[in-house]
>>> print(open('structure15.txt').read())   # compact mmCIF, C-alpha atoms
# COMPACT_ATOMS: atom_id res chain seq x y z
CA MET A 1412 222.15 4.15 15.73
CA PRO A 1413 219.74 7.06 15.78
CA SER A 1414 216.42 6.91 17.59
CA PHE A 1415 213.16 8.43 16.43
CA LYS A 1416 210.46 10.14 18.50
CA ILE A 1417 207.02 8.59 18.32
CA ASP A 1418 204.03 10.91 18.65
CA VAL A 1419 201.29 9.23 20.68
CA SER A 1420 199.43 12.46 21.44
CA THR A 1421 196.34 11.32 19.47
CA ALA A 1422 196.57 7.65 20.51
CA VAL A 1423 194.76 5.75 23.22
CA VAL A 1424 197.32 3.74 25.22
CA PHE A 1425 196.58 0.93 27.69
CA VAL A 1426 198.80 -1.33 29.75
CA ALA A 1427 198.67 -4.79 28.12
CA THR A 1428 201.19 -6.58 30.38
CA PRO A 1429 202.49 -5.40 33.75
CA PRO A 1430 206.06 -4.15 34.16
CA THR A 1431 208.76 -6.78 34.62
CA SER A 1432 212.47 -6.38 35.17
CA LYS A 1433 214.46 -6.22 31.93
CA LEU A 1434 217.17 -8.86 32.06
CA VAL A 1435 220.66 -8.72 30.57
CA SER A 1436 220.78 -12.52 30.69
CA LYS A 1437 218.07 -15.05 31.49
CA GLN A 1438 220.76 -17.49 32.63
CA THR A 1439 222.20 -15.18 35.31
CA GLY A 1440 219.07 -13.15 36.10
CA GLU A 1441 221.11 -9.95 35.89
CA ILE A 1442 218.84 -6.89 35.61
CA ALA A 1443 219.61 -4.36 32.88
CA ILE A 1444 220.67 -0.89 34.03
CA ASP A 1445 220.09 2.46 32.30
CA ARG A 1446 223.51 3.71 31.19
CA GLU A 1447 222.58 7.37 31.67
CA THR A 1448 220.83 7.30 35.05
CA GLY A 1449 222.00 4.04 36.63
CA ALA A 1450 218.37 3.04 37.30
CA PRO A 1451 217.25 -0.56 36.80
CA LEU A 1452 215.17 -1.07 33.64
CA ALA A 1453 211.71 -2.55 33.27
CA THR A 1454 209.69 -3.71 30.29
CA VAL A 1455 205.97 -2.99 30.02
CA GLY A 1456 203.59 -4.14 27.30
CA LEU A 1457 201.51 -1.30 25.86
CA LEU A 1458 198.53 -1.46 23.52
CA VAL A 1459 198.63 1.67 21.35
CA ALA A 1460 195.49 2.39 19.32
CA ASP A 1461 195.40 5.22 16.79
CA GLU A 1462 193.69 5.89 13.46
CA GLY A 1463 191.71 2.63 13.60
CA GLU A 1464 194.74 0.43 14.22
CA GLY A 1465 196.05 -1.14 17.44
CA ASN A 1466 199.53 -2.48 18.09
CA LEU A 1467 201.23 -4.13 21.03
CA TYR A 1468 204.67 -2.79 21.92
CA GLN A 1469 207.14 -3.98 24.54
CA VAL A 1470 208.59 -0.72 25.89
CA THR A 1471 211.69 -0.39 28.06
CA VAL A 1472 211.40 2.20 30.84
CA PRO A 1473 213.66 3.07 33.80
CA ASN A 1474 212.09 1.84 37.05
CA THR A 1475 211.97 5.46 38.19
CA GLY A 1476 209.40 6.11 35.43
CA VAL A 1477 207.12 3.18 36.27
CA PRO A 1478 204.63 3.52 39.14
CA GLU A 1479 203.89 0.38 41.16
CA ASN A 1480 200.16 0.39 40.39
CA LEU A 1481 200.42 -0.30 36.64
CA ALA A 1482 198.18 -3.23 35.73
CA PRO A 1483 196.66 -4.55 32.50
CA GLY A 1484 193.76 -2.45 31.22
CA ILE A 1485 194.84 0.84 32.84
CA PRO A 1486 194.90 3.79 30.40
CA VAL A 1487 198.30 5.50 30.49
CA THR A 1488 200.31 8.42 29.19
CA VAL A 1489 203.70 7.63 27.67
CA VAL A 1490 206.46 10.22 28.08
CA GLY A 1491 209.35 10.41 25.62
CA LEU A 1492 208.56 7.35 23.51
CA LYS A 1493 211.30 6.58 20.97
CA ALA A 1494 212.02 3.77 18.52
CA ARG A 1495 215.41 2.46 17.46
CA ASP A 1496 216.26 -0.26 14.96
CA TRP A 1497 218.73 -2.95 15.99
CA GLU A 1498 220.61 -5.87 14.52
CA ASN A 1499 222.83 -8.52 16.11
CA THR A 1500 224.33 -11.87 15.28
CA PHE A 1501 224.15 -14.69 17.79
CA ASN A 1502 225.27 -18.26 17.08
CA GLY A 1503 225.64 -17.42 13.40
CA GLN A 1504 222.11 -16.09 13.02
CA THR A 1505 221.47 -12.44 12.29
CA ARG A 1506 218.39 -10.96 13.90
CA HIS A 1507 216.93 -7.49 13.61
CA GLY A 1508 213.99 -5.50 14.86
CA ILE A 1509 212.81 -2.30 16.46
CA SER A 1510 213.16 -1.54 20.16
CA PHE A 1511 211.00 0.96 22.02
CA ARG A 1512 212.08 3.12 24.94
CA ALA A 1513 210.23 5.68 27.08
CA VAL A 1514 211.15 8.01 29.92
CA ALA A 1515 207.98 7.19 31.88
CA VAL A 1516 204.60 5.48 31.74
CA THR A 1517 202.01 7.02 34.06
CA PRO A 1518 198.31 6.32 34.68
CA LEU A 1519 196.11 8.70 32.69
CA GLY A 1520 195.16 11.72 34.76
CA ALA A 1521 197.92 11.14 37.33
>>> encode(input="structure15.txt", output="structure tokens")
Amino acid sequence: MPSFKIDVSTAVVFVATPPTSKLVSKQTGEIAIDRETGAPLATVGLLVADEGEGNLYQVTVPNTGVPENLAPGIPVTVVGLKARDWENTFNGQTRHGISFRAVAVTPLGA
């Protein structure tokens, strides 16, 4: 499925939830790995405010693009943010949504 670039150049972006390891399976605790780089993946919650509207997004980022000091409330810059729609069927139920991916999330001014 194609992905689409998201322009956040005019948005104010804050960390809403700190980075956590992205899991392949909650049962096994296996950490997801980036297919291109081989880096472990993390998920960080971002509050993106633009044009009078704010939204919370869970964004997947390679660990190499997430500094250790990210904490809720810190203003950040998001590099290479993309969205991709997805759909899967599990136990007979079809689910769908939009996933978000970025190359890096860095503290503003870093």
>>> atom_distance(input="structure15.txt", atom1="CA of Ala1494 (chain A)", atom2="CA of Pro1429 (chain A)")
20.2 Å
>>> atom_distance(input="structure15.txt", atom1="CA of Gln1469 (chain A)", atom2="CA of Gly1456 (chain A)")
4.5 Å
>>> closest_residue(input="structure15.txt", among="A:Val1435, A:Val1426, A:Ile1509, A:Val1514", to="Val1459 (chain A)", atoms="all atoms listed in the file")
A:Val1426
>>> residues_around(input="structure15.txt", residues="Ser1510 (chain A)", least_positions_apart="5", cutoff="9 Å", atoms="all atoms listed in the file", output="list of chain:residue names")
A:Tyr1468, A:Gln1469, A:Val1470, A:Thr1471, A:Lys1493, A:Ala1494, A:Arg1495, A:Asp1496, A:Trp1497
>>> closest_residue(input="structure15.txt", among="A:Val1490, A:Ala1482, A:Val1455, A:Ala1450", to="Leu1467 (chain A)", atoms="only C-alpha atoms")
A:Val1455
>>> closest_residue(input="structure15.txt", among="A:Ile1417, A:Ala1515, A:Ala1460, A:Ile1442", to="Val1477 (chain A)", atoms="only C-alpha atoms")
A:Ala1515
>>> closest_residue(input="structure15.txt", among="A:Gly1440, A:Pro1486, A:Gly1508, A:Pro1473", to="Leu1452 (chain A)", atoms="all atoms listed in the file")
A:Pro1473
>>> closest_residue(input="structure15.txt", among="A:Asp1445, A:Gln1438, A:Ile1485, A:Val1424", to="Leu1457 (chain A)", atoms="only C-alpha atoms")
A:Val1424
>>> closest_residue(input="structure15.txt", among="A:Pro1483, A:Pro1478, A:Lys1416, A:Thr1454", to="Thr1428 (chain A)", atoms="only C-alpha atoms")
A:Pro1483
>>> atom_distance(input="structure15.txt", atom1="CA of Arg1506 (chain A)", atom2="CA of Gly1491 (chain A)")
26.0 Å
